[in-house]
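Trainee: Have a look at this one.
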Amino acid sequence: MEKVVALTKRRGFIFPSSEIYGGVSGFYDYGPYGVAMKRAIRDLWWRHMVELRDDVVGLESTLIMPSAVWAASGHLTNFVDPLRQCLGTCKKRWRADHIKGDRCPECGGPLDEPRMFNLMFKTHVGPVEDTSSEVYLRPETAQGMFVDFKNVINSTRVRVPFGIAQQGKAFRNEITPGNFVFRVREFELMEMEFFVKPSEDDQWFHYWREERLRWYVEDLGLSKDRLRYYDHPKESLSHYSKQTTDIEYEFPFGWGELEGVADRTDFDLRVHQERSKVDLTYLDPETNERYLPWVIEPAVSVERIFITLLVDAYDEDVVNNEPRVVLHLHPNVAPVQVAVVPLSKKEDLIKVARDVQVLLQGYFRVEYDQTGGNIGRRYRRQDEIGTPFCVTIDFDTLNDKAVTIRQRDSTKQERIAVSELADRLRQLVDAPDLD
Ligand code: ATP
């Protein structure tokens, strides 16, 4: 983990937020390669969950929502974690369900009695700070989908079973942020509420569990043997859930939740209907039945996927008798998919390299890499940020109109005509040789 953290800082993936002022725990900024990778993750999710399906539509609701929403959803009372503070020398605060015993894990001092701490960030709308102006930064995007349920039904042609998907910032005032960006206080959730007939929840719950795990292995290239399901026991389920399965990954610090798939029953629609007095039932056009749909929700943050991908991809090996650090990222998520590398700074070579760059930019995330010394050094720099393919332009290119593709994992090289380059790279991106 320390090596991954060092690499992300060194190569501009992640920086602590407001670092020159000492930073704030649980907040991170994303540098050039981090942004590229986050965007790739987000776009892949959206493509898979929305664009490639005709039973899921998108939504973007606000980050700030009134107290009434959170009172109805149960978050004001239930979105709490048990907090214990050290009464010894360090005065550190701990999440009671993450530690064992009554002594402080840091200094061994005694701990106070557990008390419940609400994780929502509160603020005020307008110039007067009183209880009537209280609003909350959303701790999940899901409530936006529930309060807009009627709007979506009335304005589109969706029919149960169907889903509403949303990506966007969420905020949780975590007691103990940590393990780098595994647990942060500001993050980007990707959630999909899939509305089903009340009696069909089990069947859809199992469908989404499997579908989501498949996505991690096939589209993101995560190691299958480091993923598993964890079914929550009944007594530890969230207040809205009938059944929840976490897709877990084996991190360096142990198994941890990557994504949660929850059967939220009709809890959310029911409480919003009760509190708002707006009819949120769905009229089945075929049977003329009226009911509140049940909901299956796969939920994951971009950050959680991001750290999982980096941990899974990090490797140190030896190439041509030289040690290298390499990220075996799937080409779908690599911040740079193709690096264009001219062998020298000679003008006619650079001109061809720039043409190749423009050609490839239409299809891939491309970086032009002219600096940084000899070719081996440049390859290793690209290996370190996970670039799966380097395209090298050499002196022969000027005569034979061909370039060399060098693969990151095998370091295999192949000569190919520039006219066939984009097609060949497309093939390699879609079916990479990840060994
Ligand atoms: P925990 O009990 O670990 O605090 P949770 O089970 O309440 O978390 P969920 O509400 O199930 O978390 O969150 C859904 C998903 O959102 C998680 O699977 C994870 O991908 C992501 N997530 C939740 N909290 C954080 C966080 N603090 N930082 C980054 N991602 C998070």
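In the structure tokens, chains take the letters A, B, ... in the order shown, each chain's residues start at 1, and ligands count up from 1 in the order shown.
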Around ligand 1, which protein and nucleic acid residues have at least one atom no more than 6 Å from it, if we count only C-alpha atoms and all ligand atoms? List them as number ranges by chain.
Mentor: A: 182-185, 187, 257-260, 299-301, 303-304
Trainee: Kindly export the residues of the current selection with N, CA, C and O atoms, as an mmCIF file, in the first residue's frame.
Mentor:
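New file result.cif:
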data_model
loop_
_atom_site.group_PDB
_atom_site.id
_atom_site.type_symbol
_atom_site.label_atom_id
_atom_site.label_comp_id
_atom_site.auth_asym_id
_atom_site.auth_seq_id
_atom_site.Cartn_x
_atom_site.Cartn_y
_atom_site.Cartn_z
ATOM 1 N N PHE A 182 -9.432 4.823 0.228
ATOM 2 C CA PHE A 182 -10.447 3.795 0.484
ATOM 3 C C PHE A 182 -11.631 4.410 1.237
ATOM 4 O O PHE A 182 -12.786 4.200 0.909
ATOM 5 N N ARG A 183 -11.324 5.160 2.286
ATOM 6 C CA ARG A 183 -12.388 5.808 3.065
ATOM 7 C C ARG A 183 -12.074 7.292 3.178
ATOM 8 O O ARG A 183 -11.149 7.683 3.877
ATOM 9 N N VAL A 184 -12.818 8.109 2.445
ATOM 10 C CA VAL A 184 -12.604 9.552 2.439
ATOM 11 C C VAL A 184 -13.900 10.260 2.826
ATOM 12 O O VAL A 184 -14.928 9.622 3.016
ATOM 13 N N ARG A 185 -13.808 11.579 2.966
ATOM 14 C CA ARG A 185 -14.999 12.311 3.429
ATOM 15 C C ARG A 185 -15.771 12.948 2.280
ATOM 16 O O ARG A 185 -16.915 13.329 2.448
ATOM 17 N N PHE A 187 -16.457 12.040 -1.771
ATOM 18 C CA PHE A 187 -16.191 11.053 -2.812
ATOM 19 C C PHE A 187 -17.306 11.054 -3.842
ATOM 20 O O PHE A 187 -18.311 11.752 -3.688
ATOM 21 N N GLU A 257 -14.873 -3.831 1.597
ATOM 22 C CA GLU A 257 -15.983 -3.643 0.654
ATOM 23 C C GLU A 257 -15.554 -2.820 -0.550
ATOM 24 O O GLU A 257 -14.995 -1.745 -0.404
ATOM 25 N N LEU A 258 -15.812 -3.364 -1.725
ATOM 26 C CA LEU A 258 -15.616 -2.595 -2.947
ATOM 27 C C LEU A 258 -16.946 -1.968 -3.344
ATOM 28 O O LEU A 258 -17.034 -0.764 -3.564
ATOM 29 N N GLU A 259 -17.967 -2.791 -3.422
ATOM 30 C CA GLU A 259 -19.299 -2.316 -3.825
ATOM 31 C C GLU A 259 -20.349 -3.005 -2.974
ATOM 32 O O GLU A 259 -20.167 -4.144 -2.565
ATOM 33 N N GLY A 260 -21.451 -2.310 -2.735
ATOM 34 C CA GLY A 260 -22.565 -2.923 -2.014
ATOM 35 C C GLY A 260 -23.753 -3.101 -2.948
ATOM 36 O O GLY A 260 -24.058 -2.208 -3.742
ATOM 37 N N ALA A 299 -24.173 0.016 -5.488
ATOM 38 C CA ALA A 299 -23.574 1.319 -5.156
ATOM 39 C C ALA A 299 -22.075 1.175 -4.933
ATOM 40 O O ALA A 299 -21.629 0.296 -4.197
ATOM 41 N N VAL A 300 -21.332 2.056 -5.569
ATOM 42 C CA VAL A 300 -19.873 2.024 -5.421
ATOM 43 C C VAL A 300 -19.328 3.421 -5.652
ATOM 44 O O VAL A 300 -19.950 4.217 -6.345
ATOM 45 N N SER A 301 -18.172 3.726 -5.051
ATOM 46 C CA SER A 301 -17.567 5.034 -5.341
ATOM 47 C C SER A 301 -16.435 4.882 -6.350
ATOM 48 O O SER A 301 -15.780 3.835 -6.431
ATOM 49 N N GLU A 303 -13.686 6.394 -6.143
ATOM 50 C CA GLU A 303 -12.450 6.313 -5.364
ATOM 51 C C GLU A 303 -12.140 4.888 -4.932
ATOM 52 O O GLU A 303 -10.991 4.454 -4.936
ATOM 53 N N ARG A 304 -13.179 4.159 -4.536
ATOM 54 C CA ARG A 304 -12.986 2.776 -4.061
ATOM 55 C C ARG A 304 -12.509 1.908 -5.228
ATOM 56 O O ARG A 304 -11.637 1.058 -5.075
#
Trainee: Write down as a PyMOL selection string the residues of range 285-366 of chain A whose backbone DSSP state falls under alpha helix (DSSP H).
Mentor: chain A and resi 302-313+347-361
Trainee: Quick one: distance from CA of His232 in chain A to CA of Leu269 in chain A in Å, one decimal?
Mentor: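 If I compute the distance from CA of His232 in chain A to CA of Leu269 in chain A, I get 22.9 Å.
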Trainee: Can you tell me which residues surround Thr77 in chain A at a distance of at most 12 Å, considering only C-alpha atoms, apart from same-chain residues fewer than 2 positions away, and format the answer as a count of residues only?
Mentor: 16
Trainee: If we count only C-alpha atoms, what is near Thr245 in chain A at a cut-off of 10 Å, once residues fewer than 4 positions away on the same chain are taken out, given as a count of residues only?
Mentor: 17
Trainee: Take CA of Pro110 in chain A and CA of Leu87 in chain A and report the distance between them in Å, one decimal.
Mentor: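 About the pair CA of Pro110 in chain A and CA of Leu87 in chain A: they are 5.5 Å apart.
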Trainee: Would you kindly return, as an mmCIF file with N, CA and C atoms, in the first residue's frame, each protein, DNA or RNA residue with an atom no farther than 9 Å from any atom of Gln370 in chain A, considering only C-alpha atoms and excluding same-chain residues fewer than 6 positions away?
Mentor:
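After the write, selection_13.cif holds the following:
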data_model
loop_
_atom_site.group_PDB
_atom_site.id
_atom_site.type_symbol
_atom_site.label_atom_id
_atom_site.label_comp_id
_atom_site.auth_asym_id
_atom_site.auth_seq_id
_atom_site.Cartn_x
_atom_site.Cartn_y
_atom_site.Cartn_z
ATOM 1 N N VAL A 340 2.916 7.935 -27.669
ATOM 2 C CA VAL A 340 3.593 8.068 -28.954
ATOM 3 C C VAL A 340 5.006 8.569 -28.689
ATOM 4 N N VAL A 341 5.977 7.759 -29.082
ATOM 5 C CA VAL A 341 7.359 7.996 -28.663
ATOM 6 C C VAL A 341 8.293 8.097 -29.868
ATOM 7 N N PRO A 342 8.667 9.304 -30.276
ATOM 8 C CA PRO A 342 9.656 9.412 -31.367
ATOM 9 C C PRO A 342 11.054 9.113 -30.834
ATOM 10 N N LEU A 343 11.805 8.369 -31.642
ATOM 11 C CA LEU A 343 13.124 7.919 -31.172
ATOM 12 C C LEU A 343 14.113 9.072 -31.013
ATOM 13 N N SER A 344 13.974 10.096 -31.846
ATOM 14 C CA SER A 344 14.898 11.226 -31.701
ATOM 15 C C SER A 344 14.130 12.525 -31.923
ATOM 16 N N LYS A 345 14.838 13.627 -31.666
ATOM 17 C CA LYS A 345 14.182 14.927 -31.808
ATOM 18 C C LYS A 345 14.337 15.493 -33.213
ATOM 19 N N ILE A 350 9.768 13.961 -35.814
ATOM 20 C CA ILE A 350 8.763 14.568 -34.946
ATOM 21 C C ILE A 350 7.484 14.857 -35.729
ATOM 22 N N ARG A 378 11.994 6.057 -21.224
ATOM 23 C CA ARG A 378 10.617 6.499 -21.508
ATOM 24 C C ARG A 378 9.630 5.337 -21.388
#
Trainee: Might you pull out every residue within 9 Å of Glu113 in chain A, with only C-alpha atoms counted and same-chain residues fewer than 5 positions away left off, and present them as a PDB file with N, CA and C atoms, in the first residue's frame?
Mentor:
ATOM      1  N   LEU A  83     -19.121   6.094  18.056  1.00  0.00           N
ATOM      2  CA  LEU A  83     -17.853   6.812  18.239  1.00  0.00           C
ATOM      3  C   LEU A  83     -17.348   6.626  19.666  1.00  0.00           C
ATOM      4  N   ARG A  84     -16.045   6.345  19.791  1.00  0.00           N
ATOM      5  CA  ARG A  84     -15.431   6.306  21.134  1.00  0.00           C
ATOM      6  C   ARG A  84     -14.181   7.154  21.098  1.00  0.00           C
ATOM      7  N   GLN A  85     -13.970   7.909  22.175  1.00  0.00           N
ATOM      8  CA  GLN A  85     -12.781   8.754  22.222  1.00  0.00           C
ATOM      9  C   GLN A  85     -11.832   8.269  23.310  1.00  0.00           C
ATOM     10  N   ASP A 102     -11.584  -2.221  25.172  1.00  0.00           N
ATOM     11  CA  ASP A 102     -11.887  -0.916  25.759  1.00  0.00           C
ATOM     12  C   ASP A 102     -10.667  -0.010  25.879  1.00  0.00           C
TER      13      ASP A 102
END
Trainee: Rank A:Ile175, A:Leu309, A:Ile296, A:Leu329 by their smallest atom-to-atom distance to Ser25 in chain A, using only C-alpha atoms, and report the top residue only.
Mentor: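 Under the stated criterion, the closest residue is A:Ile175.
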Trainee: Between A:Arg11, A:Arg138, A:Arg275, A:Lys150, single out the one closest to Phe171 in chain A, counting only C-alpha atoms.
Mentor: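 Smallest distance to Phe171 in chain A is found for A:Arg138.
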Trainee: Between A:Ile247, A:Ile385, A:Val352, A:Pro285, single out the one closest to Val325 in chain A, counting only C-alpha atoms.
Mentor: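 Nearest candidate to Val325 in chain A out of A:Ile247, A:Ile385, A:Val352, A:Pro285: A:Ile385.
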Trainee: Taking the DSSP assignment computed from this structure's backbone, write out as a PyMOL selection string all residues of range 301-364 of chain A that belong to strand (DSSP E).
Mentor: chain A and resi 301+314-319+322-327+338-342
